[in-house]
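Here the structure is laid out as structure tokens; the discussion comes afterwards.
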Amino acid sequence: MTYVEDELTSQPECWARVAAEAAAHGRALPRPGERVAIVGCGTSYFMAQAAAALREGAGQGETDAFAASEFPHGRDYDRVLALTRSGTTTEVLDVLGRLRGRTRTTAVTADPATPVMDAADDVVVLGFADERSVVQTRFATTALTLLRAHLGLHTDAVVGDVRTALSAPLPERLVGCAQFTFLGRGWTVGLANEAGLKMREASLSWTESYPAMEYRHGPISITTHDTATWMLGPAPEGLAEQVRATGGRWIEGELDPLAELVRVQRLAVAVAEARGLDPDRPRHLTRSVILTP
């Protein structure tokens, strides 16, 4: 078993644990009414997109998400929340350093022995969700589960759904598809972006991701009999029929969207193995991106 397979199968336990501990981290996390920005890189950026949409949708306050490298330092926020598994990512540390003494910052990380511990005002350490694989799975989803629980949006049913996502067979004939598109709406747009990234990282697949209705505005033109379109969350009315009419495969997400993402993680590993690739060591990637002058 690869590291990533072992780590992705541990997600039910990680989610249950972080949900139970969420109240203890409440003082470090955004408070109702605060104007908040959430930043990250790669997978963490896409989790930031999902978390920002959830928080603002729950009426907790205006919430933006940015790739750390694109953070708009001319804007004012009450708090900036950084998601960083490694705690060493250059762009995240740069944002936190430039905000010190001006804006309250919180970091959610997996490793307490890294520079982010001193860079942020508040830190939440999810060491039990750390990973050995370069490809992120359980840390990202556990961090998002923490934020969902903090907002009162996590339920035990979500853990039940992720157990189903790990045990139920994947849709037939997906491994052989030539192209994959992932769609989302609202907070699941971030999950769709992460699904596409996971397939690219682990299996070198041709993948794309879009807000669901944007797929109809051009990207549907690539759909053929050997492509798959996977919806994370409820689909807009009529979209499934339009995709099926092209001859392409349509996968309707029936579980909680975060659990659906775990199904995509499994697919990424399966496609990688079918292609003779090592999903623990993606081409040209490292566990953390540290830029040097």
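Letters for chains follow the order of the structure tokens (A, B, ...), residue numbers begin at 1 for each chain, and ligand numbers begin at 1 in the order shown.
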*asked:* Could you list, as number ranges by chain, every residue within 7 Å of range 202-217 of chain A, counting only C-alpha atoms and ignoring same-chain residues fewer than 5 positions away?
replied: A: 135, 179-185, 189, 192-193, 196, 268-269, 271-272, 277, 279, 282
Hey, can you spit out that residue selection with all heavy atoms as a compact mmCIF listing (two decimals), in the first residue's frame?
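Saved the output as part-v8.txt:
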# COMPACT_ATOMS: atom_id res chain seq x y z
N VAL A 135 1.40 14.01 -2.18
CA VAL A 135 0.02 14.32 -2.53
C VAL A 135 -0.81 14.48 -1.26
O VAL A 135 -0.89 13.58 -0.43
CB VAL A 135 -0.57 13.22 -3.43
CG1 VAL A 135 -2.05 13.44 -3.66
CG2 VAL A 135 0.17 13.19 -4.77
N GLN A 179 -10.13 11.83 -20.32
CA GLN A 179 -10.20 13.19 -19.76
C GLN A 179 -11.27 13.22 -18.68
O GLN A 179 -12.29 12.52 -18.75
CB GLN A 179 -10.54 14.19 -20.87
CG GLN A 179 -10.41 15.65 -20.49
CD GLN A 179 -11.67 16.22 -19.84
OE1 GLN A 179 -12.74 15.63 -19.93
NE2 GLN A 179 -11.53 17.35 -19.18
N PHE A 180 -11.03 14.06 -17.65
CA PHE A 180 -11.95 14.17 -16.51
C PHE A 180 -12.24 15.65 -16.25
O PHE A 180 -11.32 16.47 -16.21
CB PHE A 180 -11.34 13.57 -15.25
CG PHE A 180 -10.93 12.12 -15.39
CD1 PHE A 180 -9.67 11.80 -15.88
CD2 PHE A 180 -11.80 11.10 -15.03
CE1 PHE A 180 -9.28 10.48 -15.99
CE2 PHE A 180 -11.41 9.78 -15.16
CZ PHE A 180 -10.16 9.46 -15.65
N THR A 181 -13.53 15.95 -16.08
CA THR A 181 -13.93 17.30 -15.70
C THR A 181 -14.71 17.22 -14.39
O THR A 181 -15.59 16.37 -14.24
CB THR A 181 -14.80 17.95 -16.77
OG1 THR A 181 -14.05 18.08 -17.98
CG2 THR A 181 -15.26 19.33 -16.34
N PHE A 182 -14.39 18.13 -13.46
CA PHE A 182 -15.06 18.16 -12.16
C PHE A 182 -15.80 19.49 -12.02
O PHE A 182 -15.24 20.56 -12.33
CB PHE A 182 -14.05 17.98 -11.03
CG PHE A 182 -13.33 16.67 -11.13
CD1 PHE A 182 -12.09 16.58 -11.74
CD2 PHE A 182 -13.92 15.50 -10.63
CE1 PHE A 182 -11.43 15.36 -11.85
CE2 PHE A 182 -13.27 14.27 -10.75
CZ PHE A 182 -12.03 14.20 -11.37
N LEU A 183 -17.04 19.42 -11.56
CA LEU A 183 -17.91 20.58 -11.48
C LEU A 183 -18.38 20.79 -10.04
O LEU A 183 -18.59 19.83 -9.30
CB LEU A 183 -19.12 20.42 -12.39
CG LEU A 183 -18.85 20.08 -13.86
CD1 LEU A 183 -20.17 19.92 -14.60
CD2 LEU A 183 -17.99 21.15 -14.51
N GLY A 184 -18.60 22.04 -9.68
CA GLY A 184 -19.12 22.35 -8.37
C GLY A 184 -20.00 23.58 -8.42
O GLY A 184 -20.07 24.29 -9.43
N ARG A 185 -20.68 23.83 -7.29
CA ARG A 185 -21.49 25.05 -7.14
C ARG A 185 -21.27 25.57 -5.73
O ARG A 185 -21.20 24.80 -4.77
CB ARG A 185 -22.98 24.75 -7.34
CG ARG A 185 -23.33 24.14 -8.66
CD ARG A 185 -24.83 23.89 -8.78
NE ARG A 185 -25.57 25.11 -9.11
CZ ARG A 185 -26.90 25.18 -9.20
NH1 ARG A 185 -27.63 24.10 -8.94
NH2 ARG A 185 -27.49 26.31 -9.52
N VAL A 189 -17.21 24.43 -5.59
CA VAL A 189 -16.31 24.82 -6.68
C VAL A 189 -14.87 24.59 -6.25
O VAL A 189 -14.03 24.09 -7.02
CB VAL A 189 -16.54 26.28 -7.08
CG1 VAL A 189 -15.47 26.74 -8.08
CG2 VAL A 189 -17.93 26.45 -7.69
N ALA A 192 -14.16 20.96 -6.50
CA ALA A 192 -13.96 20.56 -7.90
C ALA A 192 -12.56 20.92 -8.37
O ALA A 192 -11.89 20.13 -9.06
CB ALA A 192 -15.01 21.22 -8.79
N ASN A 193 -12.09 22.10 -7.99
CA ASN A 193 -10.73 22.49 -8.34
C ASN A 193 -9.71 21.54 -7.73
O ASN A 193 -8.72 21.15 -8.38
CB ASN A 193 -10.45 23.91 -7.86
CG ASN A 193 -11.22 24.96 -8.63
OD1 ASN A 193 -11.65 24.72 -9.76
ND2 ASN A 193 -11.42 26.12 -8.03
N GLY A 196 -9.65 18.14 -9.59
CA GLY A 196 -8.85 18.20 -10.80
C GLY A 196 -7.37 18.18 -10.51
O GLY A 196 -6.60 17.48 -11.18
N ALA A 268 -7.85 8.81 -8.42
CA ALA A 268 -6.51 9.28 -8.80
C ALA A 268 -5.47 8.20 -8.56
O ALA A 268 -4.58 7.98 -9.40
CB ALA A 268 -6.17 10.55 -8.02
N VAL A 269 -5.57 7.51 -7.42
CA VAL A 269 -4.63 6.44 -7.12
C VAL A 269 -4.81 5.28 -8.10
O VAL A 269 -3.84 4.71 -8.60
CB VAL A 269 -4.80 5.97 -5.67
CG1 VAL A 269 -3.98 4.71 -5.40
CG2 VAL A 269 -4.40 7.07 -4.70
N VAL A 271 -5.99 5.33 -11.19
CA VAL A 271 -5.50 5.68 -12.52
C VAL A 271 -3.98 5.68 -12.53
O VAL A 271 -3.34 5.20 -13.48
CB VAL A 271 -6.06 7.04 -12.97
CG1 VAL A 271 -5.42 7.48 -14.28
CG2 VAL A 271 -7.57 6.96 -13.12
N ALA A 272 -3.36 6.19 -11.46
CA ALA A 272 -1.90 6.20 -11.37
C ALA A 272 -1.35 4.78 -11.44
O ALA A 272 -0.39 4.50 -12.18
CB ALA A 272 -1.45 6.88 -10.07
N LEU A 277 2.41 4.53 -12.47
CA LEU A 277 2.97 5.69 -11.79
C LEU A 277 2.97 5.49 -10.28
O LEU A 277 2.18 4.70 -9.75
CB LEU A 277 2.17 6.94 -12.14
CG LEU A 277 2.07 7.29 -13.63
CD1 LEU A 277 1.07 8.42 -13.84
CD2 LEU A 277 3.44 7.67 -14.18
N PRO A 279 1.95 7.28 -7.06
CA PRO A 279 1.19 8.45 -6.63
C PRO A 279 1.81 9.15 -5.43
O PRO A 279 1.44 10.29 -5.12
CB PRO A 279 -0.18 7.87 -6.29
CG PRO A 279 0.08 6.44 -5.95
CD PRO A 279 1.21 6.02 -6.85
N PRO A 282 4.81 12.36 -7.18
CA PRO A 282 4.42 12.94 -8.47
C PRO A 282 5.59 13.61 -9.17
O PRO A 282 6.50 14.14 -8.53
CB PRO A 282 3.36 13.97 -8.07
CG PRO A 282 2.91 13.58 -6.71
CD PRO A 282 4.09 12.96 -6.06
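Within range 152-274 of chain A, DSSP run on the backbone puts these residues in strand (DSSP E or B): A:Gln179, A:Phe180, A:Thr181, A:Phe182, A:Leu183, A:Gly184, A:Trp206, A:Thr207, A:Glu208, A:Ser209, A:Tyr210, A:Pro211, A:Thr227, A:Ala228, A:Thr229, A:Trp230, A:Met231, A:Arg249, A:Trp250, A:Ile251, A:Glu252.
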Take the selection from the previous step and output its residues with N, CA, C and O atoms, as a PDB file, in the first residue's frame.
ATOM      1  N   GLN A 179     -10.127  11.835 -20.316  1.00  0.00           N
ATOM      2  CA  GLN A 179     -10.204  13.187 -19.765  1.00  0.00           C
ATOM      3  C   GLN A 179     -11.271  13.221 -18.680  1.00  0.00           C
ATOM      4  O   GLN A 179     -12.286  12.516 -18.751  1.00  0.00           O
ATOM      5  N   PHE A 180     -11.027  14.056 -17.650  1.00  0.00           N
ATOM      6  CA  PHE A 180     -11.947  14.172 -16.514  1.00  0.00           C
ATOM      7  C   PHE A 180     -12.243  15.645 -16.251  1.00  0.00           C
ATOM      8  O   PHE A 180     -11.323  16.469 -16.205  1.00  0.00           O
ATOM      9  N   THR A 181     -13.526  15.954 -16.076  1.00  0.00           N
ATOM     10  CA  THR A 181     -13.926  17.296 -15.695  1.00  0.00           C
ATOM     11  C   THR A 181     -14.711  17.219 -14.392  1.00  0.00           C
ATOM     12  O   THR A 181     -15.593  16.373 -14.240  1.00  0.00           O
ATOM     13  N   PHE A 182     -14.391  18.129 -13.458  1.00  0.00           N
ATOM     14  CA  PHE A 182     -15.058  18.164 -12.161  1.00  0.00           C
ATOM     15  C   PHE A 182     -15.798  19.492 -12.025  1.00  0.00           C
ATOM     16  O   PHE A 182     -15.240  20.556 -12.327  1.00  0.00           O
ATOM     17  N   LEU A 183     -17.043  19.420 -11.562  1.00  0.00           N
ATOM     18  CA  LEU A 183     -17.908  20.582 -11.475  1.00  0.00           C
ATOM     19  C   LEU A 183     -18.384  20.789 -10.044  1.00  0.00           C
ATOM     20  O   LEU A 183     -18.590  19.828  -9.297  1.00  0.00           O
ATOM     21  N   GLY A 184     -18.595  22.043  -9.684  1.00  0.00           N
ATOM     22  CA  GLY A 184     -19.124  22.353  -8.367  1.00  0.00           C
ATOM     23  C   GLY A 184     -20.003  23.580  -8.418  1.00  0.00           C
ATOM     24  O   GLY A 184     -20.071  24.294  -9.429  1.00  0.00           O
ATOM     25  N   TRP A 206      -5.377  14.366 -17.840  1.00  0.00           N
ATOM     26  CA  TRP A 206      -5.924  15.601 -18.395  1.00  0.00           C
ATOM     27  C   TRP A 206      -7.220  15.880 -17.648  1.00  0.00           C
ATOM     28  O   TRP A 206      -8.201  15.170 -17.794  1.00  0.00           O
ATOM     29  N   THR A 207      -7.209  16.909 -16.802  1.00  0.00           N
ATOM     30  CA  THR A 207      -8.389  17.241 -16.010  1.00  0.00           C
ATOM     31  C   THR A 207      -8.662  18.731 -16.072  1.00  0.00           C
ATOM     32  O   THR A 207      -7.754  19.546 -16.234  1.00  0.00           O
ATOM     33  N   GLU A 208      -9.933  19.074 -15.898  1.00  0.00           N
ATOM     34  CA  GLU A 208     -10.366  20.463 -15.822  1.00  0.00           C
ATOM     35  C   GLU A 208     -11.413  20.580 -14.726  1.00  0.00           C
ATOM     36  O   GLU A 208     -11.988  19.577 -14.292  1.00  0.00           O
ATOM     37  N   SER A 209     -11.658  21.805 -14.280  1.00  0.00           N
ATOM     38  CA  SER A 209     -12.697  22.026 -13.267  1.00  0.00           C
ATOM     39  C   SER A 209     -13.343  23.378 -13.505  1.00  0.00           C
ATOM     40  O   SER A 209     -12.678  24.329 -13.938  1.00  0.00           O
ATOM     41  N   TYR A 210     -14.651  23.445 -13.195  1.00  0.00           N
ATOM     42  CA  TYR A 210     -15.420  24.649 -13.463  1.00  0.00           C
ATOM     43  C   TYR A 210     -16.582  24.779 -12.488  1.00  0.00           C
ATOM     44  O   TYR A 210     -17.070  23.762 -11.964  1.00  0.00           O
ATOM     45  N   PRO A 211     -17.075  26.011 -12.273  1.00  0.00           N
ATOM     46  CA  PRO A 211     -18.425  26.137 -11.723  1.00  0.00           C
ATOM     47  C   PRO A 211     -19.387  25.441 -12.679  1.00  0.00           C
ATOM     48  O   PRO A 211     -19.221  25.544 -13.906  1.00  0.00           O
ATOM     49  N   THR A 227     -14.730  10.624 -22.182  1.00  0.00           N
ATOM     50  CA  THR A 227     -14.513  11.610 -21.135  1.00  0.00           C
ATOM     51  C   THR A 227     -15.521  11.392 -20.016  1.00  0.00           C
ATOM     52  O   THR A 227     -16.568  10.776 -20.213  1.00  0.00           O
ATOM     53  N   ALA A 228     -15.191  11.912 -18.830  1.00  0.00           N
ATOM     54  CA  ALA A 228     -16.076  11.788 -17.672  1.00  0.00           C
ATOM     55  C   ALA A 228     -16.277  13.164 -17.053  1.00  0.00           C
ATOM     56  O   ALA A 228     -15.324  13.926 -16.881  1.00  0.00           O
ATOM     57  N   THR A 229     -17.509  13.465 -16.703  1.00  0.00           N
ATOM     58  CA  THR A 229     -17.852  14.719 -16.028  1.00  0.00           C
ATOM     59  C   THR A 229     -18.459  14.364 -14.681  1.00  0.00           C
ATOM     60  O   THR A 229     -19.479  13.686 -14.615  1.00  0.00           O
ATOM     61  N   TRP A 230     -17.821  14.837 -13.614  1.00  0.00           N
ATOM     62  CA  TRP A 230     -18.177  14.432 -12.244  1.00  0.00           C
ATOM     63  C   TRP A 230     -18.667  15.667 -11.494  1.00  0.00           C
ATOM     64  O   TRP A 230     -17.947  16.640 -11.333  1.00  0.00           O
ATOM     65  N   MET A 231     -19.917  15.590 -11.020  1.00  0.00           N
ATOM     66  CA  MET A 231     -20.532  16.695 -10.294  1.00  0.00           C
ATOM     67  C   MET A 231     -20.390  16.476  -8.796  1.00  0.00           C
ATOM     68  O   MET A 231     -20.813  15.453  -8.260  1.00  0.00           O
ATOM     69  N   ARG A 249     -19.551  10.427 -20.201  1.00  0.00           N
ATOM     70  CA  ARG A 249     -20.003   9.836 -18.949  1.00  0.00           C
ATOM     71  C   ARG A 249     -20.324  10.932 -17.948  1.00  0.00           C
ATOM     72  O   ARG A 249     -19.571  11.885 -17.783  1.00  0.00           O
ATOM     73  N   TRP A 250     -21.428  10.796 -17.243  1.00  0.00           N
ATOM     74  CA  TRP A 250     -21.848  11.735 -16.210  1.00  0.00           C
ATOM     75  C   TRP A 250     -21.866  10.998 -14.872  1.00  0.00           C
ATOM     76  O   TRP A 250     -22.490   9.952 -14.737  1.00  0.00           O
ATOM     77  N   ILE A 251     -21.158  11.548 -13.884  1.00  0.00           N
ATOM     78  CA  ILE A 251     -21.153  10.967 -12.541  1.00  0.00           C
ATOM     79  C   ILE A 251     -21.800  11.961 -11.610  1.00  0.00           C
ATOM     80  O   ILE A 251     -21.307  13.083 -11.431  1.00  0.00           O
ATOM     81  N   GLU A 252     -22.910  11.565 -11.042  1.00  0.00           N
ATOM     82  CA  GLU A 252     -23.668  12.408 -10.123  1.00  0.00           C
ATOM     83  C   GLU A 252     -23.203  12.141  -8.703  1.00  0.00           C
ATOM     84  O   GLU A 252     -23.252  11.006  -8.226  1.00  0.00           O
TER      85      GLU A 252
END
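Here CA of Gln11 in chain A and CA of Ala259 in chain A stand 9.5 Å from one another.
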Closest atom pairs, range 147-237 of chain A residues within 9 Å of range 32-49 of chain A, only C-alpha atoms, as JSON lines:
{"residue": "A:Trp187", "atom": "CA", "partner": "A:Gln49", "partner_atom": "CA", "distance": 7.0}
{"residue": "A:Thr188", "atom": "CA", "partner": "A:Gln49", "partner_atom": "CA", "distance": 8.6}
{"residue": "A:Val189", "atom": "CA", "partner": "A:Gln49", "partner_atom": "CA", "distance": 7.7}
{"residue": "A:Gly190", "atom": "CA", "partner": "A:Phe46", "partner_atom": "CA", "distance": 4.8}
{"residue": "A:Leu191", "atom": "CA", "partner": "A:Phe46", "partner_atom": "CA", "distance": 6.6}
{"residue": "A:Ala192", "atom": "CA", "partner": "A:Phe46", "partner_atom": "CA", "distance": 8.5}
{"residue": "A:Asn193", "atom": "CA", "partner": "A:Phe46", "partner_atom": "CA", "distance": 6.3}
{"residue": "A:Glu194", "atom": "CA", "partner": "A:Phe46", "partner_atom": "CA", "distance": 5.7}
{"residue": "A:Leu197", "atom": "CA", "partner": "A:Thr43", "partner_atom": "CA", "distance": 7.5}
{"residue": "A:Lys198", "atom": "CA", "partner": "A:Thr43", "partner_atom": "CA", "distance": 8.3}
*Write out as a VMD selection string the residues lying within 12 Å of Asp256 in chain A, counting only C-alpha atoms and excluding same-chain residues fewer than 2 positions away.*
chain A and resid 145 153 to 165 187 to 188 191 231 to 234 252 to 254 258 to 263
*Give me the residues within 10 Å of range 86-97 of chain A as a PyMOL selection string, counting only C-alpha atoms and dropping any in the same chain fewer than 5 places off.*
chain A and resi 39-41+67-73+80-81+103-121+125+130-131+287-292
